[in-house]
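A.B. asks: Structure in structure tokens, see below.
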Protein chains: 2
Amino acid sequence: MTINRSCIVCDNLTCLIKKHCSDEVILNDIDQNKDINLYRNRQFIFQEGDFTKNVFFILSGKVKVFLMGANEKNQIVRFSKRGDILGHRGFIPSGVYPVSAQAIFDSEICYLPKKYFFNLLDKVPELTINLMLSFANELFQEETKLRNMSVFNVREKVAVALITIVKSFGLDENQNIVDIDLLSRQDIAELVGLKANQVTKVLSDFKVDGIIEIVKNKIKITSYGALEKIVSY
Amino acid sequence: MTINRSCIVCDNLTCLIKKHCSDEVILNDIDQNKDINLYRNRQFIFQEGDFTKNVFFILSGKVKVFLMGANEKNQIVRFSKRGDILGHRGFIPSGVYPVSAQAIFDSEICYLPKKYFFNLLDKVPELTINLMLSFANELFQEETKLRNMSVFNVREKVAVALITIVKSFGLDENQNIVDIDLLSRQDIAELVGLKANQVTKVLSDFKVDGIIEIVKNKIKITSYGALEKIVSY
DNA sequence: AAGAAAAAATGATGCAAATCATATTTTAGT
DNA sequence: ACTAAAATATGATTTGCATCATTTTTTCTT
């Protein structure tokens with residue numbers, strides 16, 4: 001399903017394009033080349049190994065970016081949401097996406113052909129610089145993750161996973177309590193390199209410790225501070 | 001000790017600046033703002049937490065980029081050499097270098113003030129795009145490393161470390177045999193999150209298997225192919 | 001060249017965590 | 001609402017590896 005409207009009237013001010021391109025550029029260039037797709041829950045936006053064809057910008061929804069492991073051991077790289085760019089990791093010499101991207105919620109996603117996106121970068125230096133800066137930041141986050149994985153034990157890793165999820169998808173409006181109902185135990189495990197049953201185990205520990213509540217497989221974080229304390233070193 | 005000469009006469013064609021800036025820009029802008037420093041072996045170029053002041057470009061030598069762990073457990077992020085940019089990881093909101101950089105060989109390193117470097121990016125879009133691309137590539141490598149760390153066992157990790165070292169510092173001119181004499185067991189361990197004595201153990205296994213030779217603490221890789229086989233999955 | 005200090009090699013032990021097996025709960029389909 | 005399939009919870013077992021201790025080799029200093 002494809003829908004389309006001009007970036008001029010878009011209200012997503014966190015989008016790289018919207019933020020850094022003038023109305024003129026949008027009208028004359030971007031609107032002619034971009035498209036919007038609606039991806040249903042569980043639908044793939046692209047797969048690891050696909051030729052890097054497009055660059056995506058999330059308008060709404062939630063996306064899981066991950067590596068497919070050999071033995072059904074996937075590895076979640078990050079969660080992306082409204083305002084995030086997607087597919088930019090494919091700007092590597094191999095010319096293929098090094099990761100897969102899958103909607104975990106119905107998502108509206110704009111996209112530009114990669115080739116055209118690079119033309120755009122030539123025209124709008126500010127865009128290039130900001131893209132470069134967001135790469136720098138992503139690299140830093142990746143490094144932090146790498147350190148976490150080598151330092152933390154299972155309990156701490158699960159805490160990291162919950163914190164990551166909260167940070168990715170935001171907090172509840174009222175309290176610091178969040179429903180995590182989009183993600184399975186398996187997802188949580190893949191986020192921090194564990195097995196699903198290990199996650200279950202720690203989650204039940206957390207329940208006993210009064211850090212979370214679990215009702216019908218839905219996790220509610222009742223003490224975010226306690227989670228932060230677990231991972232502080 | 002500070003020495004200086006124009007980038008115009010520099011023979012380092014792999015340098016981002018040399019590669020993407022016109023002679024005009026070099027003469028009028030870069031030469032006025034850049035400097036070269038000679039760093040002796042073991043000397044620090046910058047430290048984790050330092051305010052991001054400069055951007056560095058390695059002219060010669062070898063540099064170790066690493067994270068300082070709490071319990072004397074450092075983590076080597078990468079090795080950098082001639083042609084590599086250094087300090088660009090400091091382009092993050094915190095405004096400090098997230099890693100430390102230390103010469104592991106006498107090294108000539110050019111540098112530009114960060115502030116000026118960003119002016120330059122405005123002037124030379126091609127430079128910005130290529131910097132962005134090199135970030136993308138670094139990110140990919142980091143991801144690969146993260147997967148390796150979660151998938152590989154101790155033996156495989158040591159193989160990864162040796163391969164990384166060979167890839168970083170190149171192969172010997174004659175055969176596929178390489179002397180690794182700049183790095184201690186501790187360095188190898190920190191590259192893949194192990195302890196020095198674990199590295200020693202695996203290295204002696206490798207010796208028995210005829211993959212390496214060790215003479216006076218110097219490692220010679222006699223079967224690079226065998227190493228590659230160990231980490232192929 | 002000799003002695004001291006540092007690095008590397010080797011071995012032994014305890015524990016965390018990966019793996020496997022099974023029961024229970026939840027979700028999805030008719 | 002009922003049944004089948006999937007996801008989750010819980011427990012038992014084993015293996016890998018981190019840690020510690022000690023000896024040997026290498027490097028550094030004078």
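In the structure tokens, chains take the letters A, B, ... in the order shown, each chain's residues start at 1, and ligands count up from 1 in the order shown.
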Excluding segment 5-20 of chain C and residues on its chain fewer than 4 positions from it, collect all residues at most 10 Å away from it, counting only C-alpha atoms (C1' of nucleotides), and give them as a ChimeraX atom specification.

C.D. replies: /A:153-154,194-195,198 /B:184-186,196-197,199-201,204,217 /D:12-29

A.B. asks: Can you spit out the residues from that selection as a PDB file, in the first residue's frame, using C-alpha atoms (C1' of nucleotides)?

C.D. replies:
ATOM      1  CA  ASN A 153      26.295 -10.600  33.994  1.00  0.00           C
ATOM      2  CA  VAL A 154      22.941 -12.072  33.041  1.00  0.00           C
ATOM      3  CA  LEU A 194      20.889 -14.199  26.010  1.00  0.00           C
ATOM      4  CA  LYS A 195      18.443 -17.084  25.729  1.00  0.00           C
ATOM      5  CA  GLN A 198      17.392 -16.824  30.954  1.00  0.00           C
TER       6      GLN A 198
ATOM      7  CA  SER B 184      51.783  -7.864  24.388  1.00  0.00           C
ATOM      8  CA  ARG B 185      49.589 -10.777  25.420  1.00  0.00           C
ATOM      9  CA  GLN B 186      47.693  -8.211  27.424  1.00  0.00           C
ATOM     10  CA  ALA B 196      46.348 -12.441  29.172  1.00  0.00           C
ATOM     11  CA  ASN B 197      46.804 -15.978  30.473  1.00  0.00           C
ATOM     12  CA  VAL B 199      45.589 -15.799  25.346  1.00  0.00           C
ATOM     13  CA  THR B 200      48.814 -17.535  26.271  1.00  0.00           C
ATOM     14  CA  LYS B 201      46.972 -20.818  26.610  1.00  0.00           C
ATOM     15  CA  SER B 204      50.367 -22.501  22.871  1.00  0.00           C
ATOM     16  CA  ASN B 217      57.677 -13.830  22.614  1.00  0.00           C
TER      17      ASN B 217
ATOM     18  C1'  DA D  12      18.188 -30.113  36.492  1.00  0.00           C
ATOM     19  C1'  DT D  13      22.658 -30.880  34.402  1.00  0.00           C
ATOM     20  C1'  DT D  14      26.987 -29.947  32.295  1.00  0.00           C
ATOM     21  C1'  DT D  15      30.454 -27.327  30.340  1.00  0.00           C
ATOM     22  C1'  DG D  16      33.308 -23.448  29.633  1.00  0.00           C
ATOM     23  C1'  DC D  17      35.766 -20.102  31.447  1.00  0.00           C
ATOM     24  C1'  DA D  18      37.126 -16.597  34.865  1.00  0.00           C
ATOM     25  C1'  DT D  19      40.011 -16.426  38.672  1.00  0.00           C
ATOM     26  C1'  DC D  20      43.860 -17.454  41.444  1.00  0.00           C
ATOM     27  C1'  DA D  21      48.449 -19.267  42.370  1.00  0.00           C
ATOM     28  C1'  DT D  22      53.093 -20.582  40.878  1.00  0.00           C
ATOM     29  C1'  DT D  23      56.909 -21.396  37.824  1.00  0.00           C
ATOM     30  C1'  DT D  24      59.542 -20.122  33.889  1.00  0.00           C
ATOM     31  C1'  DT D  25      61.148 -17.031  30.468  1.00  0.00           C
ATOM     32  C1'  DT D  26      62.215 -12.575  28.758  1.00  0.00           C
ATOM     33  C1'  DT D  27      63.280  -7.854  29.169  1.00  0.00           C
ATOM     34  C1'  DC D  28      65.232  -3.977  31.440  1.00  0.00           C
ATOM     35  C1'  DT D  29      68.671  -1.593  34.234  1.00  0.00           C
TER      36       DT D  29
END

A.B. asks: Check the DSSP output for the backbone and give back, as a ChimeraX atom specification, the residues of segment 5-230 of chain B in helix (DSSP H, G or I).

C.D. replies: /B:7-9,16-20,23-33,88-90,114-123,125-151,154-169,185-191,196-208,224-230

A.B. asks: For segment 129-137 of chain A, work out the shell of residues within 6 Å, counting only C-alpha atoms (C1' of nucleotides) and skipping chain neighbours fewer than 2 positions away, then give it as a PyMOL selection string.

C.D. replies: (chain A and resi 126-127+139-140) or (chain B and resi 89+92+132)

A.B. asks: Using only C-alpha atoms, I'd like every residue of chain A that has an atom within 10 Å of chain B; please write them out as a count of residues only.

C.D. replies: 50

A.B. asks: Please, which residues of chain D lie no more than 9 Å from chain A when the count uses only C-alpha atoms (C1' of nucleotides), and can they be set out as a list of chain:residue names?

C.D. replies: D:DA7, D:DT8, D:DA9, D:DT10

A.B. asks: Those same residues, written as a PDB file, in the first residue's frame with N, CA and C atoms (P, O5', C5', C4', C3', O3' and C1' of nucleotides)?

C.D. replies:
ATOM      1  P    DA D   7       5.915 -18.094  18.969  1.00  0.00           P
ATOM      2  O5'  DA D   7       5.892 -17.658  20.500  1.00  0.00           O
ATOM      3  C5'  DA D   7       4.785 -16.920  21.002  1.00  0.00           C
ATOM      4  C4'  DA D   7       4.802 -16.991  22.513  1.00  0.00           C
ATOM      5  C3'  DA D   7       6.149 -16.653  23.147  1.00  0.00           C
ATOM      6  O3'  DA D   7       5.943 -15.574  24.039  1.00  0.00           O
ATOM      7  C1'  DA D   7       5.235 -18.637  24.089  1.00  0.00           C
ATOM      8  P    DT D   8       7.132 -14.980  24.886  1.00  0.00           P
ATOM      9  O5'  DT D   8       6.977 -15.779  26.251  1.00  0.00           O
ATOM     10  C5'  DT D   8       5.749 -15.693  26.969  1.00  0.00           C
ATOM     11  C4'  DT D   8       5.806 -16.585  28.182  1.00  0.00           C
ATOM     12  C3'  DT D   8       6.983 -16.320  29.132  1.00  0.00           C
ATOM     13  O3'  DT D   8       6.442 -16.056  30.408  1.00  0.00           O
ATOM     14  C1'  DT D   8       6.700 -18.622  28.753  1.00  0.00           C
ATOM     15  P    DA D   9       7.347 -15.470  31.570  1.00  0.00           P
ATOM     16  O5'  DA D   9       7.461 -16.759  32.490  1.00  0.00           O
ATOM     17  C5'  DA D   9       6.264 -17.358  32.976  1.00  0.00           C
ATOM     18  C4'  DA D   9       6.588 -18.698  33.633  1.00  0.00           C
ATOM     19  C3'  DA D   9       7.687 -18.658  34.696  1.00  0.00           C
ATOM     20  O3'  DA D   9       7.130 -19.179  35.899  1.00  0.00           O
ATOM     21  C1'  DA D   9       8.073 -20.433  33.161  1.00  0.00           C
ATOM     22  P    DT D  10       7.885 -18.982  37.283  1.00  0.00           P
ATOM     23  O5'  DT D  10       8.690 -20.346  37.441  1.00  0.00           O
ATOM     24  C5'  DT D  10       7.988 -21.585  37.244  1.00  0.00           C
ATOM     25  C4'  DT D  10       8.966 -22.736  37.210  1.00  0.00           C
ATOM     26  C3'  DT D  10      10.205 -22.592  38.103  1.00  0.00           C
ATOM     27  O3'  DT D  10      10.150 -23.614  39.066  1.00  0.00           O
ATOM     28  C1'  DT D  10      10.739 -23.512  35.990  1.00  0.00           C
TER      29       DT D  10
END

A.B. asks: Taking into account only C-alpha atoms (C1' of nucleotides), which residue in the set A:Leu191, A:Lys167, A:Phe152, A:Ser107 is nearest to chain C?

C.D. replies: A:Phe152

A.B. asks: Just checking: using only C-alpha atoms (C1' of nucleotides), which residue out of A:Tyr111, A:Arg155, A:Leu162, A:Tyr224 ends up closest to chain C?

C.D. replies: A:Arg155
